>>> print(open('work.cif').read())   # mmCIF, N, CA and C atoms
data_input
loop_
_atom_site.label_atom_id
_atom_site.label_comp_id
_atom_site.auth_asym_id
_atom_site.auth_seq_id
_atom_site.Cartn_x
_atom_site.Cartn_y
_atom_site.Cartn_z
N MET N 22 46.89 115.92 83.95
CA MET N 22 48.34 115.90 84.03
C MET N 22 48.82 114.46 84.11
N ALA N 23 49.78 114.12 83.28
CA ALA N 23 50.29 112.75 83.24
C ALA N 23 51.20 112.47 84.43
N ASP N 24 51.14 111.24 84.93
CA ASP N 24 52.05 110.80 85.98
C ASP N 24 53.34 110.34 85.32
N VAL N 25 54.43 111.05 85.57
CA VAL N 25 55.69 110.80 84.89
C VAL N 25 56.25 109.42 85.23
N VAL N 26 56.19 109.01 86.49
CA VAL N 26 56.73 107.70 86.87
C VAL N 26 55.95 106.59 86.17
N GLU N 27 54.64 106.72 86.12
CA GLU N 27 53.81 105.72 85.44
C GLU N 27 54.15 105.67 83.95
N THR N 28 54.32 106.83 83.35
CA THR N 28 54.68 106.88 81.93
C THR N 28 56.05 106.23 81.70
N LEU N 29 57.03 106.53 82.55
CA LEU N 29 58.35 105.92 82.40
C LEU N 29 58.26 104.41 82.44
N GLY N 30 57.38 103.87 83.30
CA GLY N 30 57.21 102.43 83.39
C GLY N 30 56.67 101.81 82.12
N GLY N 31 56.01 102.61 81.28
CA GLY N 31 55.47 102.12 80.02
C GLY N 31 56.40 102.29 78.83
N VAL N 32 57.54 102.93 79.03
CA VAL N 32 58.51 103.13 77.96
C VAL N 32 59.28 101.83 77.76
N PRO N 33 59.23 101.24 76.56
CA PRO N 33 59.91 99.96 76.35
C PRO N 33 61.37 99.95 76.81
N LEU N 34 62.09 101.02 76.61
CA LEU N 34 63.49 101.09 77.01
C LEU N 34 63.65 100.87 78.51
N PHE N 35 62.67 101.28 79.30
CA PHE N 35 62.75 101.19 80.75
C PHE N 35 61.97 100.02 81.33
N GLN N 36 61.57 99.06 80.51
CA GLN N 36 60.69 97.99 80.97
C GLN N 36 61.27 97.15 82.11
N GLY N 37 62.58 97.02 82.19
CA GLY N 37 63.17 96.21 83.25
C GLY N 37 63.61 97.01 84.47
N VAL N 38 63.36 98.31 84.47
CA VAL N 38 63.81 99.17 85.56
C VAL N 38 62.79 99.13 86.70
N LYS N 39 63.29 98.98 87.92
CA LYS N 39 62.42 98.89 89.09
C LYS N 39 61.73 100.22 89.37
N GLN N 40 60.57 100.14 89.99
CA GLN N 40 59.75 101.31 90.30
C GLN N 40 60.53 102.36 91.10
N LYS N 41 61.30 101.93 92.08
CA LYS N 41 62.06 102.88 92.90
C LYS N 41 63.08 103.64 92.06
N ASP N 42 63.65 102.97 91.05
CA ASP N 42 64.61 103.63 90.17
C ASP N 42 63.93 104.55 89.18
N LEU N 43 62.72 104.18 88.75
CA LEU N 43 61.96 105.07 87.88
C LEU N 43 61.62 106.37 88.61
N LYS N 44 61.33 106.27 89.90
CA LYS N 44 61.04 107.47 90.70
C LYS N 44 62.28 108.37 90.78
N LYS N 45 63.44 107.76 90.95
CA LYS N 45 64.69 108.53 90.98
C LYS N 45 64.93 109.21 89.64
N LEU N 46 64.68 108.48 88.56
CA LEU N 46 64.86 109.03 87.22
C LEU N 46 63.90 110.19 86.99
N ALA N 47 62.65 110.01 87.38
CA ALA N 47 61.65 111.07 87.22
C ALA N 47 62.07 112.32 88.00
N GLY N 48 62.72 112.11 89.14
CA GLY N 48 63.19 113.24 89.94
C GLY N 48 64.28 114.05 89.26
N ARG N 49 64.95 113.47 88.29
CA ARG N 49 66.00 114.17 87.54
C ARG N 49 65.44 114.97 86.36
N MET N 50 64.19 114.69 86.01
CA MET N 50 63.60 115.36 84.84
C MET N 50 63.21 116.79 85.20
N GLN N 51 63.23 117.66 84.20
CA GLN N 51 62.92 119.07 84.42
C GLN N 51 61.78 119.49 83.50
N GLY N 52 60.97 120.41 84.00
CA GLY N 52 59.85 120.93 83.21
C GLY N 52 60.33 121.72 82.01
N ARG N 53 59.66 121.47 80.90
CA ARG N 53 59.92 122.21 79.66
C ARG N 53 58.58 122.57 79.04
N SER N 54 58.47 123.78 78.55
CA SER N 54 57.24 124.22 77.89
C SER N 54 57.55 124.62 76.46
N PHE N 55 56.63 124.31 75.59
CA PHE N 55 56.73 124.67 74.18
C PHE N 55 55.44 125.34 73.77
N GLY N 56 55.52 126.30 72.88
CA GLY N 56 54.33 126.99 72.39
C GLY N 56 53.74 126.27 71.19
N GLU N 57 52.47 126.51 70.97
CA GLU N 57 51.79 125.95 69.80
C GLU N 57 52.59 126.29 68.54
N GLY N 58 52.88 125.28 67.73
CA GLY N 58 53.63 125.47 66.49
C GLY N 58 55.14 125.26 66.62
N ASP N 59 55.63 125.17 67.85
CA ASP N 59 57.07 124.94 68.03
C ASP N 59 57.47 123.56 67.52
N GLU N 60 58.55 123.51 66.77
CA GLU N 60 59.13 122.24 66.32
C GLU N 60 60.11 121.78 67.40
N ILE N 61 59.78 120.67 68.03
CA ILE N 61 60.56 120.19 69.16
C ILE N 61 61.71 119.31 68.70
N THR N 62 61.46 118.45 67.74
CA THR N 62 62.51 117.66 67.12
C THR N 62 62.33 117.75 65.61
N THR N 63 63.44 117.57 64.90
CA THR N 63 63.40 117.63 63.44
C THR N 63 63.96 116.34 62.88
N GLU N 64 63.18 115.69 62.05
CA GLU N 64 63.60 114.44 61.42
C GLU N 64 64.95 114.63 60.73
N GLY N 65 65.86 113.69 60.98
CA GLY N 65 67.17 113.72 60.36
C GLY N 65 68.22 114.53 61.11
N LYS N 66 67.80 115.34 62.05
CA LYS N 66 68.75 116.13 62.85
C LYS N 66 69.01 115.41 64.17
N SER N 67 70.13 115.73 64.80
CA SER N 67 70.43 115.08 66.07
C SER N 67 69.47 115.55 67.15
N GLY N 68 69.27 114.70 68.12
CA GLY N 68 68.38 115.03 69.21
C GLY N 68 69.13 115.00 70.52
N ILE N 69 68.64 115.77 71.48
CA ILE N 69 69.36 115.85 72.75
C ILE N 69 68.57 115.30 73.93
N GLY N 70 67.29 115.02 73.73
CA GLY N 70 66.56 114.65 74.92
C GLY N 70 65.35 113.78 74.73
N PHE N 71 64.84 113.40 75.88
CA PHE N 71 63.67 112.55 76.03
C PHE N 71 62.61 113.37 76.75
N PHE N 72 61.37 113.28 76.29
CA PHE N 72 60.29 114.07 76.88
C PHE N 72 59.07 113.21 77.19
N VAL N 73 58.44 113.50 78.32
CA VAL N 73 57.15 112.94 78.69
C VAL N 73 56.17 114.11 78.65
N ILE N 74 55.08 113.95 77.91
CA ILE N 74 54.08 115.02 77.81
C ILE N 74 53.17 114.99 79.02
N GLU N 75 53.08 116.13 79.69
CA GLU N 75 52.17 116.26 80.83
C GLU N 75 50.85 116.88 80.41
N MET N 76 50.91 117.94 79.61
CA MET N 76 49.69 118.59 79.13
C MET N 76 49.92 119.08 77.71
N GLY N 77 48.88 118.95 76.89
CA GLY N 77 48.95 119.42 75.52
C GLY N 77 49.10 118.29 74.52
N ASN N 78 49.24 118.67 73.26
CA ASN N 78 49.34 117.69 72.18
C ASN N 78 50.43 118.08 71.19
N ALA N 79 50.94 117.07 70.49
CA ALA N 79 51.96 117.28 69.46
C ALA N 79 51.74 116.26 68.35
N THR N 80 52.14 116.64 67.14
CA THR N 80 52.06 115.70 66.03
C THR N 80 53.43 115.11 65.75
N VAL N 81 53.41 113.88 65.23
CA VAL N 81 54.60 113.17 64.82
C VAL N 81 54.50 113.03 63.30
N SER N 82 55.52 113.50 62.59
CA SER N 82 55.50 113.34 61.13
C SER N 82 56.81 112.76 60.63
N ILE N 83 56.66 111.95 59.58
CA ILE N 83 57.81 111.35 58.90
C ILE N 83 57.66 111.67 57.43
N ASP N 84 58.73 112.17 56.83
CA ASP N 84 58.70 112.59 55.42
C ASP N 84 57.56 113.56 55.15
N GLY N 85 57.27 114.43 56.13
CA GLY N 85 56.25 115.45 55.96
C GLY N 85 54.82 114.98 56.15
N LYS N 86 54.62 113.70 56.45
CA LYS N 86 53.26 113.16 56.64
C LYS N 86 53.02 112.90 58.11
N ILE N 87 51.93 113.46 58.63
CA ILE N 87 51.59 113.23 60.03
C ILE N 87 51.15 111.79 60.20
N ILE N 88 51.82 111.09 61.14
CA ILE N 88 51.51 109.68 61.35
C ILE N 88 50.75 109.43 62.65
N ARG N 89 50.84 110.39 63.59
CA ARG N 89 50.08 110.25 64.82
C ARG N 89 50.14 111.53 65.64
N THR N 90 49.27 111.57 66.64
CA THR N 90 49.25 112.68 67.59
C THR N 90 49.59 112.13 68.97
N LEU N 91 50.43 112.86 69.69
CA LEU N 91 50.81 112.50 71.05
C LEU N 91 50.08 113.40 72.04
N GLY N 92 49.74 112.85 73.20
CA GLY N 92 49.08 113.64 74.23
C GLY N 92 49.62 113.31 75.60
N PRO N 93 48.96 113.79 76.64
CA PRO N 93 49.43 113.57 78.01
C PRO N 93 49.66 112.08 78.29
N GLY N 94 50.80 111.81 78.93
CA GLY N 94 51.16 110.43 79.26
C GLY N 94 51.94 109.74 78.16
N GLU N 95 52.16 110.41 77.05
CA GLU N 95 52.95 109.81 75.97
C GLU N 95 54.33 110.45 75.97
N TYR N 96 55.25 109.90 75.21
CA TYR N 96 56.65 110.29 75.29
C TYR N 96 57.30 110.19 73.92
N PHE N 97 58.49 110.81 73.83
CA PHE N 97 59.30 110.69 72.61
C PHE N 97 60.75 111.00 72.94
N GLY N 98 61.66 110.45 72.14
CA GLY N 98 63.08 110.75 72.25
C GLY N 98 63.89 109.88 73.17
N GLU N 99 63.36 108.72 73.57
CA GLU N 99 64.09 107.90 74.54
C GLU N 99 65.43 107.38 74.02
N ILE N 100 65.52 107.09 72.73
CA ILE N 100 66.78 106.57 72.19
C ILE N 100 67.85 107.68 72.16
N ALA N 101 67.42 108.93 72.09
CA ALA N 101 68.36 110.06 72.12
C ALA N 101 69.11 110.14 73.44
N LEU N 102 68.60 109.47 74.48
CA LEU N 102 69.32 109.44 75.75
C LEU N 102 70.61 108.64 75.65
N ILE N 103 70.65 107.71 74.70
CA ILE N 103 71.78 106.80 74.60
C ILE N 103 72.70 107.15 73.43
N ASP N 104 72.13 107.53 72.31
CA ASP N 104 72.98 107.89 71.18
C ASP N 104 72.60 109.27 70.65
N SER N 105 73.48 109.83 69.89
CA SER N 105 73.21 111.16 69.35
C SER N 105 72.86 111.08 67.87
N GLY N 106 72.29 109.96 67.49
CA GLY N 106 71.91 109.75 66.10
C GLY N 106 70.77 110.67 65.68
N PRO N 107 70.47 110.68 64.39
CA PRO N 107 69.42 111.56 63.89
C PRO N 107 68.03 111.13 64.36
N ARG N 108 67.18 112.11 64.55
CA ARG N 108 65.79 111.85 64.94
C ARG N 108 65.06 111.16 63.79
N SER N 109 64.19 110.24 64.15
CA SER N 109 63.46 109.48 63.14
C SER N 109 62.17 110.18 62.72
N ALA N 110 61.79 111.25 63.42
CA ALA N 110 60.55 111.95 63.10
C ALA N 110 60.65 113.41 63.55
N THR N 111 59.74 114.21 63.03
CA THR N 111 59.60 115.60 63.45
C THR N 111 58.42 115.67 64.42
N ILE N 112 58.61 116.35 65.54
CA ILE N 112 57.55 116.53 66.54
C ILE N 112 57.25 118.01 66.61
N VAL N 113 55.96 118.35 66.43
CA VAL N 113 55.53 119.75 66.48
C VAL N 113 54.39 119.88 67.49
N ALA N 114 54.50 120.87 68.37
CA ALA N 114 53.44 121.13 69.35
C ALA N 114 52.21 121.67 68.61
N THR N 115 51.06 121.02 68.78
CA THR N 115 49.83 121.50 68.16
C THR N 115 49.00 122.34 69.12
N THR N 116 49.40 122.33 70.39
CA THR N 116 48.84 123.20 71.42
C THR N 116 50.03 123.63 72.27
N ASP N 117 49.81 124.51 73.23
CA ASP N 117 50.87 124.75 74.20
C ASP N 117 51.14 123.41 74.86
N LEU N 118 52.41 123.13 75.12
CA LEU N 118 52.81 121.80 75.56
C LEU N 118 53.69 121.90 76.80
N ASP N 119 53.32 121.17 77.84
CA ASP N 119 54.14 121.07 79.05
C ASP N 119 54.67 119.66 79.13
N CYS N 120 55.99 119.55 79.29
CA CYS N 120 56.65 118.24 79.33
C CYS N 120 57.60 118.18 80.52
N GLN N 121 58.01 116.97 80.84
CA GLN N 121 59.15 116.74 81.69
C GLN N 121 60.22 116.18 80.76
N GLY N 122 61.41 116.75 80.84
CA GLY N 122 62.46 116.35 79.91
C GLY N 122 63.75 115.99 80.59
N LEU N 123 64.56 115.24 79.86
CA LEU N 123 65.85 114.80 80.35
C LEU N 123 66.80 114.76 79.15
N THR N 124 67.98 115.36 79.31
CA THR N 124 68.97 115.33 78.22
C THR N 124 69.91 114.15 78.41
N ALA N 125 70.63 113.83 77.35
CA ALA N 125 71.60 112.74 77.40
C ALA N 125 72.68 113.03 78.43
N TRP N 126 73.12 114.29 78.52
CA TRP N 126 74.19 114.60 79.47
C TRP N 126 73.70 114.61 80.91
N GLU N 127 72.39 114.64 81.15
CA GLU N 127 71.84 114.47 82.49
C GLU N 127 71.60 112.98 82.78
N PHE N 128 71.28 112.23 81.74
CA PHE N 128 70.98 110.81 81.89
C PHE N 128 72.23 109.99 82.20
N ARG N 129 73.32 110.31 81.53
CA ARG N 129 74.55 109.53 81.69
C ARG N 129 75.03 109.48 83.15
N PRO N 130 75.14 110.60 83.86
CA PRO N 130 75.56 110.52 85.26
C PRO N 130 74.58 109.71 86.13
N PHE N 131 73.29 109.80 85.79
CA PHE N 131 72.30 109.00 86.53
C PHE N 131 72.61 107.52 86.36
N ILE N 132 72.90 107.10 85.14
CA ILE N 132 73.20 105.70 84.86
C ILE N 132 74.51 105.29 85.55
N GLU N 133 75.49 106.16 85.54
CA GLU N 133 76.76 105.84 86.20
C GLU N 133 76.58 105.67 87.71
N GLN N 134 75.65 106.43 88.29
CA GLN N 134 75.39 106.35 89.73
C GLN N 134 74.45 105.20 90.08
N HIS N 135 73.75 104.65 89.09
CA HIS N 135 72.77 103.59 89.33
C HIS N 135 73.02 102.44 88.34
N PRO N 136 74.08 101.65 88.56
CA PRO N 136 74.43 100.59 87.60
C PRO N 136 73.33 99.55 87.43
N GLU N 137 72.46 99.39 88.42
CA GLU N 137 71.36 98.43 88.27
C GLU N 137 70.40 98.88 87.17
N VAL N 138 70.28 100.17 86.97
CA VAL N 138 69.46 100.69 85.87
C VAL N 138 70.15 100.43 84.55
N ALA N 139 71.46 100.63 84.51
CA ALA N 139 72.22 100.37 83.29
C ALA N 139 72.06 98.93 82.85
N TRP N 140 72.12 98.01 83.81
CA TRP N 140 71.99 96.59 83.47
C TRP N 140 70.60 96.30 82.89
N ALA N 141 69.57 96.87 83.49
CA ALA N 141 68.20 96.67 82.99
C ALA N 141 68.08 97.21 81.56
N LEU N 142 68.70 98.36 81.29
CA LEU N 142 68.67 98.93 79.94
C LEU N 142 69.39 98.03 78.95
N LEU N 143 70.54 97.49 79.36
CA LEU N 143 71.28 96.58 78.48
C LEU N 143 70.45 95.35 78.14
N GLU N 144 69.77 94.79 79.13
CA GLU N 144 68.93 93.62 78.87
C GLU N 144 67.81 93.96 77.88
N THR N 145 67.20 95.11 78.07
CA THR N 145 66.13 95.52 77.17
C THR N 145 66.66 95.74 75.76
N LEU N 146 67.78 96.42 75.63
CA LEU N 146 68.36 96.66 74.31
C LEU N 146 68.77 95.36 73.63
N ALA N 147 69.33 94.43 74.39
CA ALA N 147 69.71 93.14 73.82
C ALA N 147 68.47 92.40 73.32
N SER N 148 67.40 92.46 74.07
CA SER N 148 66.15 91.81 73.67
C SER N 148 65.61 92.43 72.38
N ARG N 149 65.65 93.76 72.31
CA ARG N 149 65.17 94.44 71.10
C ARG N 149 66.05 94.11 69.90
N LEU N 150 67.36 93.98 70.11
CA LEU N 150 68.27 93.62 69.04
C LEU N 150 67.97 92.21 68.52
N ARG N 151 67.74 91.28 69.44
CA ARG N 151 67.40 89.91 69.03
C ARG N 151 66.12 89.87 68.20
N GLU N 152 65.12 90.64 68.64
CA GLU N 152 63.85 90.72 67.89
C GLU N 152 64.08 91.29 66.50
N ALA N 153 64.90 92.33 66.41
CA ALA N 153 65.16 92.96 65.11
C ALA N 153 65.91 92.02 64.19
N GLU N 154 66.83 91.23 64.74
CA GLU N 154 67.60 90.29 63.94
C GLU N 154 66.72 89.18 63.38
N LYS N 155 65.66 88.81 64.09
CA LYS N 155 64.74 87.76 63.64
C LYS N 155 63.93 88.22 62.42
N ARG N 156 63.72 89.52 62.29
CA ARG N 156 62.90 90.03 61.19
C ARG N 156 63.62 90.04 59.90
#
>>> encode(input="work.cif", output="structure tokens")
Amino acid sequence: MADVVETLGGVPLFQGVKQKDLKKLAGRMQGRSFGEGDEITTEGKSGIGFFVIEMGNATVSIDGKIIRTLGPGEYFGEIALIDSGPRSATIVATTDLDCQGLTAWEFRPFIEQHPEVAWALLETLASRLREAEKR
């Protein structure tokens, strides 16, 4: 079983967030289960949440081609917490899958109640934007 707080600490979006705040965020996440073969996200469609895999595996595909497999301790959908843009990949459970999940409408009040987390996210996003502009 994956440690959700440890996984959150490895998510680039949350790199500047303090451990105590990651614990609070993990406390807001809720268990979600998916059956083998369930399509969790669909490329090009809007997404509503962020998931940390606790048990099981899922494939990530783009344009119908599997590009990787996700397992315990891995995550997907973090950008969906901030915008409602289309998903960049399709995620399908290849086994029964247990996750901890958080929707955008659950994340926003957390950020409003914890402005120090919002600031850390802004710094991370600004850094990622600068890197993207250099390319």
>>> residues_around(input="work.cif", residues="Ala125 of chain N", least_positions_apart="6", cutoff="6.5 Å", atoms="all atoms listed in the file", output="PDB file with N, CA and C atoms, in the coordinates of the input")
ATOM      1  N   ILE N  69      68.640 115.770  71.480  1.00  0.00           N
ATOM      2  CA  ILE N  69      69.360 115.850  72.750  1.00  0.00           C
ATOM      3  C   ILE N  69      68.570 115.300  73.930  1.00  0.00           C
ATOM      4  N   GLY N  70      67.290 115.020  73.730  1.00  0.00           N
ATOM      5  CA  GLY N  70      66.560 114.650  74.920  1.00  0.00           C
ATOM      6  C   GLY N  70      65.350 113.780  74.730  1.00  0.00           C
ATOM      7  N   PHE N  71      64.840 113.400  75.880  1.00  0.00           N
ATOM      8  CA  PHE N  71      63.670 112.550  76.030  1.00  0.00           C
ATOM      9  C   PHE N  71      62.610 113.370  76.750  1.00  0.00           C
ATOM     10  N   ALA N 101      67.420 108.930  72.090  1.00  0.00           N
ATOM     11  CA  ALA N 101      68.360 110.060  72.120  1.00  0.00           C
ATOM     12  C   ALA N 101      69.110 110.140  73.440  1.00  0.00           C
ATOM     13  N   LEU N 102      68.600 109.470  74.480  1.00  0.00           N
ATOM     14  CA  LEU N 102      69.320 109.440  75.750  1.00  0.00           C
ATOM     15  C   LEU N 102      70.610 108.640  75.650  1.00  0.00           C
ATOM     16  N   ILE N 103      70.650 107.710  74.700  1.00  0.00           N
ATOM     17  CA  ILE N 103      71.780 106.800  74.600  1.00  0.00           C
ATOM     18  C   ILE N 103      72.700 107.150  73.430  1.00  0.00           C
TER      19      ILE N 103
END
>>> closest_residue(input="work.cif", among="N:Met50, N:Leu123, N:Met76, N:Ala110", to="Gly94 of chain N", atoms="only C-alpha atoms")
N:Met76
>>> residues_around(input="work.cif", residues="Asn78 of chain N", least_positions_apart="4", cutoff="8 Å", atoms="only N, CA and C atoms", output="PyMOL selection string")
chain N and resi 74+90-93+113-119
>>> write_last_selection(input="work.cif", atoms="N, CA and C atoms", output="compact mmCIF listing (two decimals), keeping the file's coordinate frame")
# COMPACT_ATOMS: atom_id res chain seq x y z
N ILE N 74 55.08 113.95 77.91
CA ILE N 74 54.08 115.02 77.81
C ILE N 74 53.17 114.99 79.02
N THR N 90 49.27 111.57 66.64
CA THR N 90 49.25 112.68 67.59
C THR N 90 49.59 112.13 68.97
N LEU N 91 50.43 112.86 69.69
CA LEU N 91 50.81 112.50 71.05
C LEU N 91 50.08 113.40 72.04
N GLY N 92 49.74 112.85 73.20
CA GLY N 92 49.08 113.64 74.23
C GLY N 92 49.62 113.31 75.60
N PRO N 93 48.96 113.79 76.64
CA PRO N 93 49.43 113.57 78.01
C PRO N 93 49.66 112.08 78.29
N VAL N 113 55.96 118.35 66.43
CA VAL N 113 55.53 119.75 66.48
C VAL N 113 54.39 119.88 67.49
N ALA N 114 54.50 120.87 68.37
CA ALA N 114 53.44 121.13 69.35
C ALA N 114 52.21 121.67 68.61
N THR N 115 51.06 121.02 68.78
CA THR N 115 49.83 121.50 68.16
C THR N 115 49.00 122.34 69.12
N THR N 116 49.40 122.33 70.39
CA THR N 116 48.84 123.20 71.42
C THR N 116 50.03 123.63 72.27
N ASP N 117 49.81 124.51 73.23
CA ASP N 117 50.87 124.75 74.20
C ASP N 117 51.14 123.41 74.86
N LEU N 118 52.41 123.13 75.12
CA LEU N 118 52.81 121.80 75.56
C LEU N 118 53.69 121.90 76.80
N ASP N 119 53.32 121.17 77.84
CA ASP N 119 54.14 121.07 79.05
C ASP N 119 54.67 119.66 79.13
>>> closest_atom_pairs(input="work.cif", of="segment 56-152 of chain N", to="segment 37-47 of chain N", cutoff="6.5 Å", atoms="only N, CA and C atoms", output="Markdown table")
| residue | atom | partner | partner_atom | distance |
| --- | --- | --- | --- | --- |
| N:Val138 | CA | N:Val38 | CA | 5.9 |
| N:Ala141 | CA | N:Gly37 | C | 4.8 |
| N:Leu142 | N | N:Gly37 | C | 6.2 |
| N:Thr145 | CA | N:Gly37 | N | 6.3 |
>>> resolve_selection(input="work.cif", expression="the PyMOL selection byres ((chain N and resi 65) around 8)", output="PDB file with N, CA and C atoms, keeping the file's coordinate frame")
ATOM      1  N   THR N  62      61.460 118.450  67.740  1.00  0.00           N
ATOM      2  CA  THR N  62      62.510 117.660  67.120  1.00  0.00           C
ATOM      3  C   THR N  62      62.330 117.750  65.610  1.00  0.00           C
ATOM      4  N   THR N  63      63.440 117.570  64.900  1.00  0.00           N
ATOM      5  CA  THR N  63      63.400 117.630  63.440  1.00  0.00           C
ATOM      6  C   THR N  63      63.960 116.340  62.880  1.00  0.00           C
ATOM      7  N   GLU N  64      63.180 115.690  62.050  1.00  0.00           N
ATOM      8  CA  GLU N  64      63.600 114.440  61.420  1.00  0.00           C
ATOM      9  C   GLU N  64      64.950 114.630  60.730  1.00  0.00           C
ATOM     10  N   LYS N  66      67.800 115.340  62.050  1.00  0.00           N
ATOM     11  CA  LYS N  66      68.750 116.130  62.850  1.00  0.00           C
ATOM     12  C   LYS N  66      69.010 115.410  64.170  1.00  0.00           C
ATOM     13  N   SER N  67      70.130 115.730  64.800  1.00  0.00           N
ATOM     14  CA  SER N  67      70.430 115.080  66.070  1.00  0.00           C
ATOM     15  C   SER N  67      69.470 115.550  67.150  1.00  0.00           C
ATOM     16  N   GLY N  68      69.270 114.700  68.120  1.00  0.00           N
ATOM     17  CA  GLY N  68      68.380 115.030  69.210  1.00  0.00           C
ATOM     18  C   GLY N  68      69.130 115.000  70.520  1.00  0.00           C
ATOM     19  N   GLY N 106      72.290 109.960  67.490  1.00  0.00           N
ATOM     20  CA  GLY N 106      71.910 109.750  66.100  1.00  0.00           C
ATOM     21  C   GLY N 106      70.770 110.670  65.680  1.00  0.00           C
ATOM     22  N   PRO N 107      70.470 110.680  64.390  1.00  0.00           N
ATOM     23  CA  PRO N 107      69.420 111.560  63.890  1.00  0.00           C
ATOM     24  C   PRO N 107      68.030 111.130  64.360  1.00  0.00           C
ATOM     25  N   ARG N 108      67.180 112.110  64.550  1.00  0.00           N
ATOM     26  CA  ARG N 108      65.790 111.850  64.940  1.00  0.00           C
ATOM     27  C   ARG N 108      65.060 111.160  63.790  1.00  0.00           C
ATOM     28  N   SER N 109      64.190 110.240  64.150  1.00  0.00           N
ATOM     29  CA  SER N 109      63.460 109.480  63.140  1.00  0.00           C
ATOM     30  C   SER N 109      62.170 110.180  62.720  1.00  0.00           C
ATOM     31  N   ALA N 110      61.790 111.250  63.420  1.00  0.00           N
ATOM     32  CA  ALA N 110      60.550 111.950  63.100  1.00  0.00           C
ATOM     33  C   ALA N 110      60.650 113.410  63.550  1.00  0.00           C
ATOM     34  N   THR N 111      59.740 114.210  63.030  1.00  0.00           N
ATOM     35  CA  THR N 111      59.600 115.600  63.450  1.00  0.00           C
ATOM     36  C   THR N 111      58.420 115.670  64.420  1.00  0.00           C
TER      37      THR N 111
END
>>> select_by_dssp(input="work.cif", residues="chain N", states="alpha helix (DSSP H)", output="number ranges by chain")
N: 25-31, 40-49, 125-134, 136-155
>>> resolve_selection(input="work.cif", expression="the PyMOL selection byres ((chain N and resi 96) around 5)", output="PyMOL selection string")
chain N and resi 72-74+94-95+97-98
>>> atom_distance(input="work.cif", atom1="atom C of Leu34 of chain N", atom2="atom C of Leu143 of chain N")
8.8 Å
>>> atom_distance(input="work.cif", atom1="atom CA of Glu75 of chain N", atom2="atom CA of Glu144 of chain N")
28.2 Å
>>> atom_distance(input="work.cif", atom1="atom C of Ile83 of chain N", atom2="atom N of Gln36 of chain N")
26.6 Å
>>> closest_residue(input="work.cif", among="N:Gly122, N:Asp84, N:Gly30, N:Lys155", to="Gly52 of chain N", atoms="only N, CA and C atoms")
N:Gly122
>>> closest_residue(input="work.cif", among="N:Gln134, N:Thr124, N:Ser148, N:Thr80", to="Ile112 of chain N", atoms="only C-alpha atoms")
N:Thr80
>>> axis_aligned_box(input="work.cif", around="segment 31-39 of chain N", padding_each_side="6 Å", output="lines of an AutoDock Vina configuration file")
center_x = 59.6
center_y = 99.7
center_z = 82.9
size_x = 20.3
size_y = 18.9
size_z = 25.0
>>> select_by_dssp(input="work.cif", residues="segment 29-142 of chain N", states="strand (DSSP E)", output="MDAnalysis selection string")
chainID N and resid 51:55 60:62 70:76 79:83 86:91 96:97 111:114 118:124
